>>> print(open('entry-v3.txt').read())   # compact mmCIF, C-alpha atoms and all ligand atoms
# COMPACT_ATOMS: atom_id res chain seq x y z
CA MET U 147 22.36 73.02 173.76
CA LYS U 148 21.65 75.59 176.44
CA CYS U 149 21.96 79.32 175.93
CA PRO U 150 24.36 80.61 178.62
CA GLN U 151 22.27 83.77 178.96
CA CYS U 152 18.68 82.55 179.29
CA GLY U 153 19.06 78.78 179.48
CA PHE U 154 16.82 78.13 176.46
CA ASP U 155 17.63 74.59 175.35
CA GLU U 156 16.91 74.09 171.67
CA LYS U 157 18.60 74.31 168.32
CA HIS U 158 20.26 77.68 167.96
CA ALA U 159 21.11 79.25 164.63
CA VAL U 160 24.75 78.94 163.61
CA ARG U 161 26.25 82.26 162.47
CA GLU U 162 29.70 81.04 161.73
CA THR U 163 31.61 77.77 161.75
CA ARG U 164 35.36 77.37 161.96
CA ARG U 165 37.21 74.14 161.89
CA ASP U 166 40.70 73.36 163.01
CA ALA U 167 42.59 70.40 164.36
CA GLY U 168 39.59 68.23 165.15
CA GLN U 169 37.60 71.06 166.72
CA ILE U 170 34.53 72.83 165.45
CA ARG U 171 34.10 76.34 166.77
CA ARG U 172 30.74 77.86 166.13
CA SER U 173 29.20 81.18 166.84
CA ARG U 174 25.50 80.83 167.59
CA ARG U 175 22.55 83.06 168.21
CA CYS U 176 20.08 81.99 170.89
CA ALA U 177 16.69 81.17 169.37
CA ALA U 178 14.92 82.74 172.37
CA CYS U 179 16.86 85.81 173.53
CA GLY U 180 19.17 86.48 170.59
CA HIS U 181 22.29 86.24 172.73
CA ILE U 182 25.38 85.36 170.72
CA PHE U 183 27.66 82.73 172.18
CA LYS U 184 30.47 80.47 171.09
CA THR U 185 30.62 76.69 171.27
CA ILE U 186 33.54 74.35 170.81
CA GLU U 187 33.01 70.75 169.84
CA ASN U 188 35.78 68.20 169.82
CA VAL U 189 35.25 66.03 166.80
CA SER U 190 35.98 62.38 167.29
CA GLU U 191 34.26 59.43 165.74
CA ASP U 192 33.57 58.01 169.21
CA GLY U 193 29.87 58.09 169.85
CA MET U 194 28.98 59.03 166.29
CA MET U 195 26.27 56.86 164.82
CA VAL U 196 25.00 56.22 161.32
CA ARG U 197 21.49 55.22 160.34
CA LYS U 198 21.75 52.99 157.33
CA SER U 199 19.13 52.74 154.63
CA ASP U 200 17.75 49.50 156.06
CA GLY U 201 17.06 51.36 159.32
CA SER U 202 19.86 49.79 161.33
CA VAL U 203 22.13 52.06 163.35
CA VAL U 204 25.87 51.39 163.37
CA PRO U 205 28.91 53.28 164.67
CA PHE U 206 30.33 55.90 162.33
CA THR U 207 33.83 55.06 161.18
CA ARG U 208 36.24 57.29 159.32
CA SER U 209 37.75 54.25 157.64
CA ALA U 210 34.45 53.39 155.93
CA ILE U 211 34.25 56.90 154.48
CA ALA U 212 37.88 56.78 153.40
CA LYS U 213 37.29 53.45 151.69
CA SER U 214 34.30 54.71 149.72
CA ILE U 215 36.28 57.76 148.60
CA LYS U 216 39.27 55.68 147.57
CA LYS U 217 37.02 53.53 145.41
CA ALA U 218 35.50 56.55 143.73
CA THR U 219 38.58 58.59 142.94
CA VAL U 220 39.58 58.33 139.32
CA LYS U 221 43.11 59.58 139.90
CA ALA U 222 44.17 58.21 143.29
CA TYR U 223 44.38 60.76 146.10
CA GLU U 224 47.32 60.90 148.45
CA ARG U 225 46.56 59.79 151.97
CA LYS U 226 46.69 63.39 153.18
CA LYS U 227 44.04 64.48 150.71
CA ILE U 228 41.74 61.58 151.59
CA ASN U 229 42.15 62.46 155.28
CA GLY U 230 41.21 66.04 154.49
CA VAL U 231 37.99 64.95 152.80
CA VAL U 232 37.17 62.54 155.64
CA ASP U 233 37.82 65.33 158.20
CA ALA U 234 35.44 67.66 156.41
CA VAL U 235 32.73 65.00 156.06
CA THR U 236 33.11 63.96 159.71
CA GLU U 237 32.78 67.57 160.83
CA ALA U 238 29.81 68.21 158.57
CA VAL U 239 27.77 65.37 160.05
CA TYR U 240 29.19 65.46 163.56
CA GLU U 241 26.41 67.34 165.24
CA GLU U 242 23.72 65.03 163.91
CA ALA U 243 25.74 61.83 164.40
CA ALA U 244 27.03 62.52 167.91
CA ARG U 245 23.79 63.85 169.38
CA PRO U 246 22.77 61.57 172.29
CA GLY U 247 20.30 59.08 170.82
CA GLY U 248 20.86 60.54 167.37
CA ALA U 249 22.39 59.25 164.18
CA VAL U 250 23.17 60.68 160.78
CA SER U 251 21.64 58.96 157.79
CA SER U 252 23.96 57.39 155.25
CA LEU U 253 22.22 59.56 152.68
CA GLU U 254 23.44 62.70 154.48
CA ILE U 255 26.96 61.32 154.63
CA GLY U 256 26.79 60.73 150.89
CA LYS U 257 25.70 64.32 150.33
CA ALA U 258 28.58 65.58 152.48
CA VAL U 259 31.07 63.54 150.45
CA LEU U 260 29.64 64.85 147.18
CA LYS U 261 30.07 68.38 148.48
CA GLU U 262 33.71 67.77 149.32
CA LEU U 263 34.43 66.28 145.90
CA ALA U 264 33.10 69.37 144.14
CA ASN U 265 36.45 70.11 142.49
CA ASP U 266 36.85 66.65 141.03
CA GLN U 267 33.93 66.06 138.67
CA ALA U 268 35.01 62.62 137.50
CA SER U 269 35.40 61.22 141.02
CA ARG U 270 32.29 62.98 142.29
CA ILE U 271 30.11 61.45 139.58
CA ARG U 272 31.66 58.05 140.11
CA TYR U 273 30.93 58.30 143.84
CA ALA U 274 27.33 59.25 143.08
CA LEU U 275 27.00 56.33 140.66
CA VAL U 276 28.03 53.91 143.38
CA GLN U 277 26.03 55.49 146.21
CA THR U 278 22.91 56.71 144.45
CA GLY U 279 23.00 54.05 141.80
CA ARG U 280 22.07 51.35 144.29
CA THR U 281 18.81 49.47 144.06
CA ASP U 282 19.19 47.46 147.28
CA ARG U 283 18.07 50.28 149.54
CA SER U 284 14.77 50.41 151.30
CA ASP U 285 14.62 54.21 150.91
CA LEU U 286 14.58 53.87 147.14
CA ARG U 287 13.04 57.25 146.45
CA GLU U 288 16.40 58.85 145.82
CA GLY U 289 18.08 55.92 144.10
CA TRP U 290 18.54 55.73 140.35
CA ALA U 291 16.64 53.01 138.55
CA ASN U 292 17.62 53.94 135.01
CA VAL U 293 19.69 56.27 132.89
CA GLU U 294 17.01 58.97 132.87
CA ASP U 295 17.21 59.17 136.68
CA PHE U 296 20.95 59.55 136.34
CA ARG U 297 20.62 62.26 133.68
CA ARG U 298 18.14 64.20 135.76
CA TRP U 299 20.69 64.31 138.55
CA LEU U 300 23.56 65.11 136.21
CA LEU U 301 21.74 68.01 134.54
CA ALA U 302 20.59 69.34 137.90
CA GLU U 303 24.13 69.24 139.28
CA TYR U 304 25.84 70.49 136.13
CA SER U 305 23.36 72.87 134.54
CA GLU U 306 25.93 73.90 131.94
CA LEU U 307 25.21 70.56 130.27
CA GLU U 308 21.73 71.62 129.26
CA HIS U 309 22.77 72.68 125.78
CA TYR U 310 25.71 70.37 125.50
CA PRO U 311 26.03 68.97 121.97
CA ALA U 312 26.35 65.30 122.77
CA ARG U 313 28.57 63.09 120.67
CA SER U 314 27.09 59.82 119.56
CA LYS U 315 30.02 58.30 117.75
CA VAL U 316 33.39 57.03 118.85
CA SER U 317 35.57 60.01 119.69
CA TYR U 318 38.22 58.71 122.07
CA VAL U 319 40.05 55.50 122.70
CA VAL U 320 41.39 54.85 126.20
CA LYS U 321 44.51 52.78 125.99
CA ARG U 322 45.74 50.16 128.41
CA ASN U 323 48.06 52.64 130.12
CA GLY U 324 45.07 54.88 130.85
CA LYS U 325 46.02 57.50 128.25
CA ARG U 326 43.38 58.48 125.76
CA GLU U 327 43.73 59.46 122.15
CA LYS U 328 41.39 60.68 119.44
CA PHE U 329 39.74 57.83 117.58
CA ASP U 330 41.49 57.42 114.25
CA ARG U 331 39.82 55.08 111.77
CA PRO U 332 42.75 54.87 109.33
CA LYS U 333 44.99 53.88 112.24
CA LEU U 334 42.48 51.17 113.24
CA GLU U 335 42.43 49.86 109.66
CA ARG U 336 46.23 49.81 109.56
CA SER U 337 46.43 47.71 112.71
CA ILE U 338 43.86 45.29 111.32
CA GLY U 339 45.63 45.26 107.94
CA LEU U 340 48.82 44.20 109.68
CA ALA U 341 47.09 41.06 110.94
CA SER U 342 45.93 40.25 107.41
CA LYS U 343 49.14 41.26 105.65
CA GLY U 344 49.97 38.90 102.77
CA ARG U 345 46.65 37.08 103.21
CA GLY U 346 45.69 38.02 99.65
CA SER U 347 46.67 40.96 97.46
CA ASP U 348 47.27 44.37 99.01
CA GLY U 349 43.88 45.46 97.71
CA GLN U 350 42.16 42.45 99.28
CA VAL U 351 43.92 43.04 102.59
CA TRP U 352 42.80 46.66 102.54
CA ASP U 353 39.23 45.60 101.77
CA LYS U 354 39.32 43.14 104.66
CA ALA U 355 40.61 45.80 107.03
CA THR U 356 37.69 47.99 105.98
CA VAL U 357 35.21 45.19 106.65
CA VAL U 358 36.65 44.55 110.13
CA ALA U 359 36.68 48.26 110.96
CA ASP U 360 33.04 48.45 109.86
CA HIS U 361 32.25 45.58 112.24
CA VAL U 362 34.05 47.30 115.11
CA LEU U 363 32.13 50.52 114.54
CA ARG U 364 28.84 48.69 114.12
CA MET U 365 29.36 47.14 117.56
CA LEU U 366 30.89 50.14 119.38
CA GLY U 367 30.02 53.11 117.21
CA ASP U 368 27.51 54.68 119.57
CA GLN U 369 29.89 54.83 122.53
CA PRO U 370 31.72 58.18 122.63
CA ILE U 371 34.60 56.67 124.62
CA VAL U 372 35.79 53.12 124.08
CA THR U 373 38.76 51.22 125.46
CA SER U 374 41.44 49.66 123.29
CA GLY U 375 40.39 46.40 124.97
CA GLN U 376 36.85 46.73 123.61
CA ILE U 377 38.20 47.32 120.11
CA ALA U 378 40.59 44.39 120.35
CA ALA U 379 37.77 42.11 121.57
CA GLU U 380 35.63 43.02 118.55
CA ILE U 381 38.49 42.49 116.10
CA LEU U 382 39.21 39.10 117.64
CA ARG U 383 35.56 38.12 117.54
CA PHE U 384 35.36 38.95 113.84
CA LEU U 385 38.67 37.46 112.68
CA ARG U 386 37.96 34.27 114.62
CA GLU U 387 35.26 33.38 112.10
CA LYS U 388 36.97 34.77 109.00
CA ASP U 389 40.69 33.96 108.97
CA HIS U 390 42.37 31.95 111.69
CA ILE U 391 45.92 32.97 110.78
CA ALA U 392 44.96 36.65 110.81
CA TYR U 393 43.24 35.94 114.12
CA LEU U 394 46.37 34.38 115.62
CA ARG U 395 48.52 37.25 114.37
CA PHE U 396 46.27 39.80 115.95
CA ALA U 397 45.88 37.71 119.12
CA SER U 398 49.67 37.51 119.39
CA THR U 399 49.77 41.31 119.74
CA VAL U 400 47.07 41.63 122.41
CA LYS U 401 46.88 38.35 124.32
CA GLU U 402 50.52 38.19 125.41
CA PHE U 403 50.96 34.49 124.84
CA GLU U 404 53.95 33.29 126.82
CA ASN U 405 54.87 29.96 125.25
CA ALA U 406 54.14 27.31 122.63
CA GLU U 407 51.57 25.60 124.82
CA GLU U 408 49.41 28.66 124.87
CA TYR U 409 49.47 28.90 121.07
CA GLU U 410 48.60 25.19 120.87
CA GLU U 411 45.62 25.68 123.18
CA GLU U 412 44.39 28.61 121.12
CA ALA U 413 44.92 26.69 117.85
CA LEU U 414 43.10 23.61 119.14
CA ALA U 415 40.14 25.75 120.10
CA LEU U 416 40.16 27.44 116.69
CA ARG U 417 39.78 24.10 114.91
CA LYS U 418 36.24 23.95 116.23
CA VAL U 419 35.33 27.40 114.88
CA ARG U 420 33.72 27.33 111.45
CA ILE U 421 35.04 29.87 108.95
CA THR U 422 32.37 32.04 107.33
CA GLY U 423 32.66 34.37 104.36
CA TRP U 424 33.90 37.94 104.87
CA ASP U 425 30.55 39.29 103.76
CA GLU U 426 28.55 36.92 105.96
CA PRO U 427 27.32 38.07 109.35
CA LEU U 428 28.88 36.58 112.47
CA SER U 429 27.19 33.49 113.83
ZN ZN A 501 19.12 82.88 175.22
>>> encode(input="entry-v3.txt", output="structure tokens")
Amino acid sequence: MKCPQCGFDEKHAVRETRRDAGQIRRSRRCAACGHIFKTIENVSEDGMMVRKSDGSVVPFTRSAIAKSIKKATVKAYERKKINGVVDAVTEAVYEEAARPGGAVSSLEIGKAVLKELANDQASRIRYALVQTGRTDRSDLREGWANVEDFRRWLLAEYSELEHYPARSKVSYVVKRNGKREKFDRPKLERSIGLASKGRGSDGQVWDKATVVADHVLRMLGDQPIVTSGQIAAEILRFLREKDHIAYLRFASTVKEFENAEEYEEEALALRKVRITGWDEPLS
């Protein structure tokens, strides 16, 4: 870019950037003479190029960015909001991507997206997990290989977490409708007890519910957030070897059997499963 005053043709410092309606207006200071001048760039994806991690260079497309954002958002964004993020990302990388012979790296695009998702922690972290959590890149230096790599990033990005008292037991259950509630062991035991109701005295049923709840917590107890599906799967796994009628009762509440055939299929399969004692470990 040439300075209109002295003709010096290099990168000039940007003093101010304004964006509107697909245009970037910048105020720059000439690196040679200090002259201040304005530039207007029309942002369009035409001519913008991306250098991917494998070194290949491909055209920049807004739709690819929009797609990656849609996948990451936890609560879906309206089209207008996605477009706003894509606009900002496109503008942020425009200069690098549209430079003749130039290209913006996919890493830089990722950084620009993370910046735009600053107000939505859950989506931002999910985006980072997908983008930075890849191991198929040739520029692996910045990718995460394990959970410690992830934590290093997380603590660097969210320094308030440094003294966060982490929970290491089940605290929340996310239900099928996406709502979450506080984990409630008595409630869990009641739902298990319902499946075993009348399968022995009330005291025995209560004892069995306790044993199943213990199993569930042994399997899931170190996950702060679990889904109701995870809990149901553990209950089914346990009852399947302990009491087939209790199993079928519980299955009838979570598997949504639609007809007699489906019960028959389940029952036939159960005949092959050996019953073990309530105090015996699962096979
Ligand atoms: Zn100049």
>>> residues_near_ligand(input="entry-v3.txt", ligand="ligand ZN 501 (chain A)", cutoff="7 Å", atoms="only C-alpha atoms and all ligand atoms", output="list of chain:residue names")
U:Cys149, U:Pro150, U:Gln151, U:Cys152, U:Gly153, U:Phe154, U:Cys176, U:Ala177, U:Ala178, U:Cys179, U:Gly180, U:His181
>>> write_last_selection(input="entry-v3.txt", atoms="C-alpha atoms", output="CSV table (one decimal), in the frame of the given file")
chain,number,residue,atom,x,y,z
U,149,CYS,CA,22.0,79.3,175.9
U,150,PRO,CA,24.4,80.6,178.6
U,151,GLN,CA,22.3,83.8,179.0
U,152,CYS,CA,18.7,82.6,179.3
U,153,GLY,CA,19.1,78.8,179.5
U,154,PHE,CA,16.8,78.1,176.5
U,176,CYS,CA,20.1,82.0,170.9
U,177,ALA,CA,16.7,81.2,169.4
U,178,ALA,CA,14.9,82.7,172.4
U,179,CYS,CA,16.9,85.8,173.5
U,180,GLY,CA,19.2,86.5,170.6
U,181,HIS,CA,22.3,86.2,172.7
>>> closest_residue(input="entry-v3.txt", among="U:Met365, U:Ala249, U:Ala210, U:Val204", to="Ile377 of chain U", atoms="only C-alpha atoms")
U:Met365
>>> residues_near_point(input="entry-v3.txt", point="(32.4, 55.2, 123.8)", cutoff="10 Å", atoms="all atoms listed in the file", output="PyMOL selection string")
chain U and resi 313-320+329+366-373+376
>>> closest_residue(input="entry-v3.txt", among="U:Glu191, U:Glu426, U:Asp200, U:Glu412", to="Leu253 of chain U", atoms="only C-alpha atoms")
U:Asp200
>>> atom_distance(input="entry-v3.txt", atom1="atom CA of Ile182 of chain U", atom2="atom CA of Glu162 of chain U")
10.9 Å
>>> closest_residue(input="entry-v3.txt", among="U:Asp192, U:Trp299, U:Ser305, U:Lys217", to="Val276 of chain U", atoms="only C-alpha atoms")
U:Lys217
>>> closest_atom_pairs(input="entry-v3.txt", of="segment 283-381 of chain U", to="segment 391-407 of chain U", cutoff="9 Å", atoms="all atoms listed in the file", output="CSV")
residue,atom,partner,partner_atom,distance
U:Ser337,CA,U:Phe396,CA,8.5
U:Ile338,CA,U:Phe396,CA,7.6
U:Leu340,CA,U:Phe396,CA,8.1
U:Ala341,CA,U:Ala392,CA,4.9
U:Ser342,CA,U:Ala392,CA,5.0
U:Lys343,CA,U:Ala392,CA,8.1
U:Arg345,CA,U:Ala392,CA,7.8
U:Gly375,CA,U:Val400,CA,8.6
U:Ala378,CA,U:Val400,CA,7.3
U:Ile381,CA,U:Phe396,CA,8.2
>>> write_last_selection(input="entry-v3.txt", atoms="C-alpha atoms", output="PDB file, in the coordinates of the input")
ATOM      1  CA  SER U 337      46.430  47.710 112.710  1.00  0.00           C
ATOM      2  CA  ILE U 338      43.860  45.290 111.320  1.00  0.00           C
ATOM      3  CA  LEU U 340      48.820  44.200 109.680  1.00  0.00           C
ATOM      4  CA  ALA U 341      47.090  41.060 110.940  1.00  0.00           C
ATOM      5  CA  SER U 342      45.930  40.250 107.410  1.00  0.00           C
ATOM      6  CA  LYS U 343      49.140  41.260 105.650  1.00  0.00           C
ATOM      7  CA  ARG U 345      46.650  37.080 103.210  1.00  0.00           C
ATOM      8  CA  GLY U 375      40.390  46.400 124.970  1.00  0.00           C
ATOM      9  CA  ALA U 378      40.590  44.390 120.350  1.00  0.00           C
ATOM     10  CA  ILE U 381      38.490  42.490 116.100  1.00  0.00           C
TER      11      ILE U 381
END
>>> atom_distance(input="entry-v3.txt", atom1="atom CA of Arg280 of chain U", atom2="atom CA of Met194 of chain U")
24.3 Å
>>> atom_distance(input="entry-v3.txt", atom1="atom CA of Trp424 of chain U", atom2="atom CA of Ser374 of chain U")
23.1 Å
>>> residues_around(input="entry-v3.txt", residues="Ile186 of chain U", least_positions_apart="3", cutoff="8 Å", atoms="only C-alpha atoms", output="PyMOL selection string")
chain U and resi 169-172
>>> write_last_selection(input="entry-v3.txt", atoms="C-alpha atoms", output="short mmCIF file (atom, residue, chain, number, x, y, z; two decimals), in the frame of the given file")
data_model
loop_
_atom_site.label_atom_id
_atom_site.label_comp_id
_atom_site.auth_asym_id
_atom_site.auth_seq_id
_atom_site.Cartn_x
_atom_site.Cartn_y
_atom_site.Cartn_z
CA GLN U 169 37.60 71.06 166.72
CA ILE U 170 34.53 72.83 165.45
CA ARG U 171 34.10 76.34 166.77
CA ARG U 172 30.74 77.86 166.13
#
>>> axis_aligned_box(input="entry-v3.txt", around="segment 219-231 of chain U", padding_each_side="5 Å", output="JSON")
{"center_x": 42.7, "center_y": 62.1, "center_z": 147.3, "size_x": 19.3, "size_y": 17.8, "size_z": 26.0}
>>> residues_around(input="entry-v3.txt", residues="segment 292-298 of chain U", least_positions_apart="6", cutoff="9 Å", atoms="only C-alpha atoms", output="ChimeraX atom specification")
/U:275,278-279
>>> residues_around(input="entry-v3.txt", residues="Asn229 of chain U", least_positions_apart="3", cutoff="10 Å", atoms="only C-alpha atoms", output="ChimeraX atom specification")
/U:208-209,211-212,223-226,232-235
>>> residues_near_point(input="entry-v3.txt", point="(38.1, 55.7, 110.9)", cutoff="10 Å", atoms="only C-alpha atoms", output="number ranges by chain")
U: 316, 329-335, 356, 359-360, 363
>>> closest_residue(input="entry-v3.txt", among="U:Ala291, U:Ala218, U:Ala238, U:Ala244", to="Lys261 of chain U", atoms="only C-alpha atoms")
U:Ala238
>>> closest_residue(input="entry-v3.txt", among="U:Ala312, U:Val351, U:Val419, U:Leu414", to="Gly339 of chain U", atoms="all atoms listed in the file")
U:Val351
>>> closest_residue(input="entry-v3.txt", among="U:Arg175, U:Lys227, U:Arg245, U:Lys213", to="Leu263 of chain U", atoms="only C-alpha atoms")
U:Lys227
>>> residues_around(input="entry-v3.txt", residues="Gly193 of chain U", least_positions_apart="4", cutoff="8 Å", atoms="all atoms listed in the file", output="PyMOL selection string")
chain U and resi 205-206+243-244
>>> write_last_selection(input="entry-v3.txt", atoms="C-alpha atoms", output="PDB file, in the coordinates of the input")
ATOM      1  CA  PRO U 205      28.910  53.280 164.670  1.00  0.00           C
ATOM      2  CA  PHE U 206      30.330  55.900 162.330  1.00  0.00           C
ATOM      3  CA  ALA U 243      25.740  61.830 164.400  1.00  0.00           C
ATOM      4  CA  ALA U 244      27.030  62.520 167.910  1.00  0.00           C
TER       5      ALA U 244
END
>>> decode(input="entry-v3.txt", residues="segment 333-343 of chain U", atoms="all heavy atoms", output="PDB file, in the first residue's frame")
ATOM      1  N   LYS U 333     -34.023 -39.296  44.717  1.00  0.00           N
ATOM      2  CA  LYS U 333     -34.904 -39.356  43.540  1.00  0.00           C
ATOM      3  C   LYS U 333     -34.481 -40.511  42.630  1.00  0.00           C
ATOM      4  O   LYS U 333     -35.304 -41.235  42.075  1.00  0.00           O
ATOM      5  CB  LYS U 333     -34.825 -38.027  42.789  1.00  0.00           C
ATOM      6  CG  LYS U 333     -35.865 -37.906  41.701  1.00  0.00           C
ATOM      7  CD  LYS U 333     -35.764 -36.580  40.997  1.00  0.00           C
ATOM      8  CE  LYS U 333     -36.615 -36.631  39.726  1.00  0.00           C
ATOM      9  NZ  LYS U 333     -36.403 -35.463  38.891  1.00  0.00           N
ATOM     10  N   LEU U 334     -33.151 -40.677  42.468  1.00  0.00           N
ATOM     11  CA  LEU U 334     -32.628 -41.775  41.654  1.00  0.00           C
ATOM     12  C   LEU U 334     -33.078 -43.114  42.246  1.00  0.00           C
ATOM     13  O   LEU U 334     -33.558 -43.995  41.533  1.00  0.00           O
ATOM     14  CB  LEU U 334     -31.099 -41.700  41.610  1.00  0.00           C
ATOM     15  CG  LEU U 334     -30.375 -42.872  40.942  1.00  0.00           C
ATOM     16  CD1 LEU U 334     -30.723 -42.936  39.457  1.00  0.00           C
ATOM     17  CD2 LEU U 334     -28.859 -42.752  41.113  1.00  0.00           C
ATOM     18  N   GLU U 335     -32.950 -43.234  43.578  1.00  0.00           N
ATOM     19  CA  GLU U 335     -33.339 -44.493  44.229  1.00  0.00           C
ATOM     20  C   GLU U 335     -34.828 -44.754  44.065  1.00  0.00           C
ATOM     21  O   GLU U 335     -35.248 -45.892  43.871  1.00  0.00           O
ATOM     22  CB  GLU U 335     -32.950 -44.461  45.713  1.00  0.00           C
ATOM     23  CG  GLU U 335     -31.438 -44.555  45.891  1.00  0.00           C
ATOM     24  CD  GLU U 335     -31.012 -44.536  47.359  1.00  0.00           C
ATOM     25  OE1 GLU U 335     -31.886 -44.421  48.241  1.00  0.00           O
ATOM     26  OE2 GLU U 335     -29.789 -44.629  47.608  1.00  0.00           O
ATOM     27  N   ARG U 336     -35.634 -43.682  44.122  1.00  0.00           N
ATOM     28  CA  ARG U 336     -37.081 -43.869  43.939  1.00  0.00           C
ATOM     29  C   ARG U 336     -37.388 -44.397  42.555  1.00  0.00           C
ATOM     30  O   ARG U 336     -38.213 -45.289  42.387  1.00  0.00           O
ATOM     31  CB  ARG U 336     -37.829 -42.547  44.177  1.00  0.00           C
ATOM     32  CG  ARG U 336     -38.062 -42.243  45.658  1.00  0.00           C
ATOM     33  CD  ARG U 336     -39.164 -41.196  45.841  1.00  0.00           C
ATOM     34  NE  ARG U 336     -38.846 -39.929  45.196  1.00  0.00           N
ATOM     35  CZ  ARG U 336     -38.045 -39.001  45.737  1.00  0.00           C
ATOM     36  NH1 ARG U 336     -37.475 -39.212  46.920  1.00  0.00           N
ATOM     37  NH2 ARG U 336     -37.823 -37.877  45.102  1.00  0.00           N
ATOM     38  N   SER U 337     -36.701 -43.867  41.545  1.00  0.00           N
ATOM     39  CA  SER U 337     -37.005 -44.310  40.176  1.00  0.00           C
ATOM     40  C   SER U 337     -36.560 -45.755  39.970  1.00  0.00           C
ATOM     41  O   SER U 337     -37.194 -46.513  39.247  1.00  0.00           O
ATOM     42  CB  SER U 337     -36.375 -43.377  39.148  1.00  0.00           C
ATOM     43  OG  SER U 337     -34.981 -43.594  39.045  1.00  0.00           O
ATOM     44  N   ILE U 338     -35.475 -46.135  40.632  1.00  0.00           N
ATOM     45  CA  ILE U 338     -35.035 -47.529  40.543  1.00  0.00           C
ATOM     46  C   ILE U 338     -36.002 -48.420  41.326  1.00  0.00           C
ATOM     47  O   ILE U 338     -36.387 -49.504  40.885  1.00  0.00           O
ATOM     48  CB  ILE U 338     -33.601 -47.698  41.100  1.00  0.00           C
ATOM     49  CG1 ILE U 338     -32.609 -46.859  40.298  1.00  0.00           C
ATOM     50  CG2 ILE U 338     -33.194 -49.169  41.081  1.00  0.00           C
ATOM     51  CD1 ILE U 338     -31.260 -46.680  40.979  1.00  0.00           C
ATOM     52  N   GLY U 339     -36.417 -47.935  42.488  1.00  0.00           N
ATOM     53  CA  GLY U 339     -37.337 -48.695  43.344  1.00  0.00           C
ATOM     54  C   GLY U 339     -38.637 -49.006  42.623  1.00  0.00           C
ATOM     55  O   GLY U 339     -39.215 -50.082  42.789  1.00  0.00           O
ATOM     56  N   LEU U 340     -39.070 -48.068  41.781  1.00  0.00           N
ATOM     57  CA  LEU U 340     -40.301 -48.269  41.024  1.00  0.00           C
ATOM     58  C   LEU U 340     -40.179 -49.493  40.116  1.00  0.00           C
ATOM     59  O   LEU U 340     -41.128 -50.265  39.958  1.00  0.00           O
ATOM     60  CB  LEU U 340     -40.555 -47.017  40.178  1.00  0.00           C
ATOM     61  CG  LEU U 340     -41.999 -46.575  40.018  1.00  0.00           C
ATOM     62  CD1 LEU U 340     -42.634 -46.346  41.394  1.00  0.00           C
ATOM     63  CD2 LEU U 340     -42.063 -45.294  39.193  1.00  0.00           C
ATOM     64  N   ALA U 341     -38.999 -49.676  39.536  1.00  0.00           N
ATOM     65  CA  ALA U 341     -38.783 -50.809  38.638  1.00  0.00           C
ATOM     66  C   ALA U 341     -38.803 -52.125  39.411  1.00  0.00           C
ATOM     67  O   ALA U 341     -39.138 -53.170  38.868  1.00  0.00           O
ATOM     68  CB  ALA U 341     -37.451 -50.641  37.900  1.00  0.00           C
ATOM     69  N   SER U 342     -38.416 -52.058  40.706  1.00  0.00           N
ATOM     70  CA  SER U 342     -38.349 -53.284  41.504  1.00  0.00           C
ATOM     71  C   SER U 342     -39.556 -53.448  42.414  1.00  0.00           C
ATOM     72  O   SER U 342     -39.612 -54.372  43.213  1.00  0.00           O
ATOM     73  CB  SER U 342     -37.087 -53.269  42.372  1.00  0.00           C
ATOM     74  OG  SER U 342     -35.943 -53.120  41.572  1.00  0.00           O
ATOM     75  N   LYS U 343     -40.518 -52.553  42.304  1.00  0.00           N
ATOM     76  CA  LYS U 343     -41.658 -52.555  43.218  1.00  0.00           C
ATOM     77  C   LYS U 343     -42.343 -53.924  43.252  1.00  0.00           C
ATOM     78  O   LYS U 343     -42.640 -54.504  42.215  1.00  0.00           O
ATOM     79  CB  LYS U 343     -42.673 -51.488  42.799  1.00  0.00           C
ATOM     80  CG  LYS U 343     -43.678 -51.207  43.873  1.00  0.00           C
ATOM     81  CD  LYS U 343     -44.447 -49.934  43.613  1.00  0.00           C
ATOM     82  CE  LYS U 343     -45.311 -49.720  44.830  1.00  0.00           C
ATOM     83  NZ  LYS U 343     -46.594 -49.211  44.624  1.00  0.00           N
TER      84      LYS U 343
END
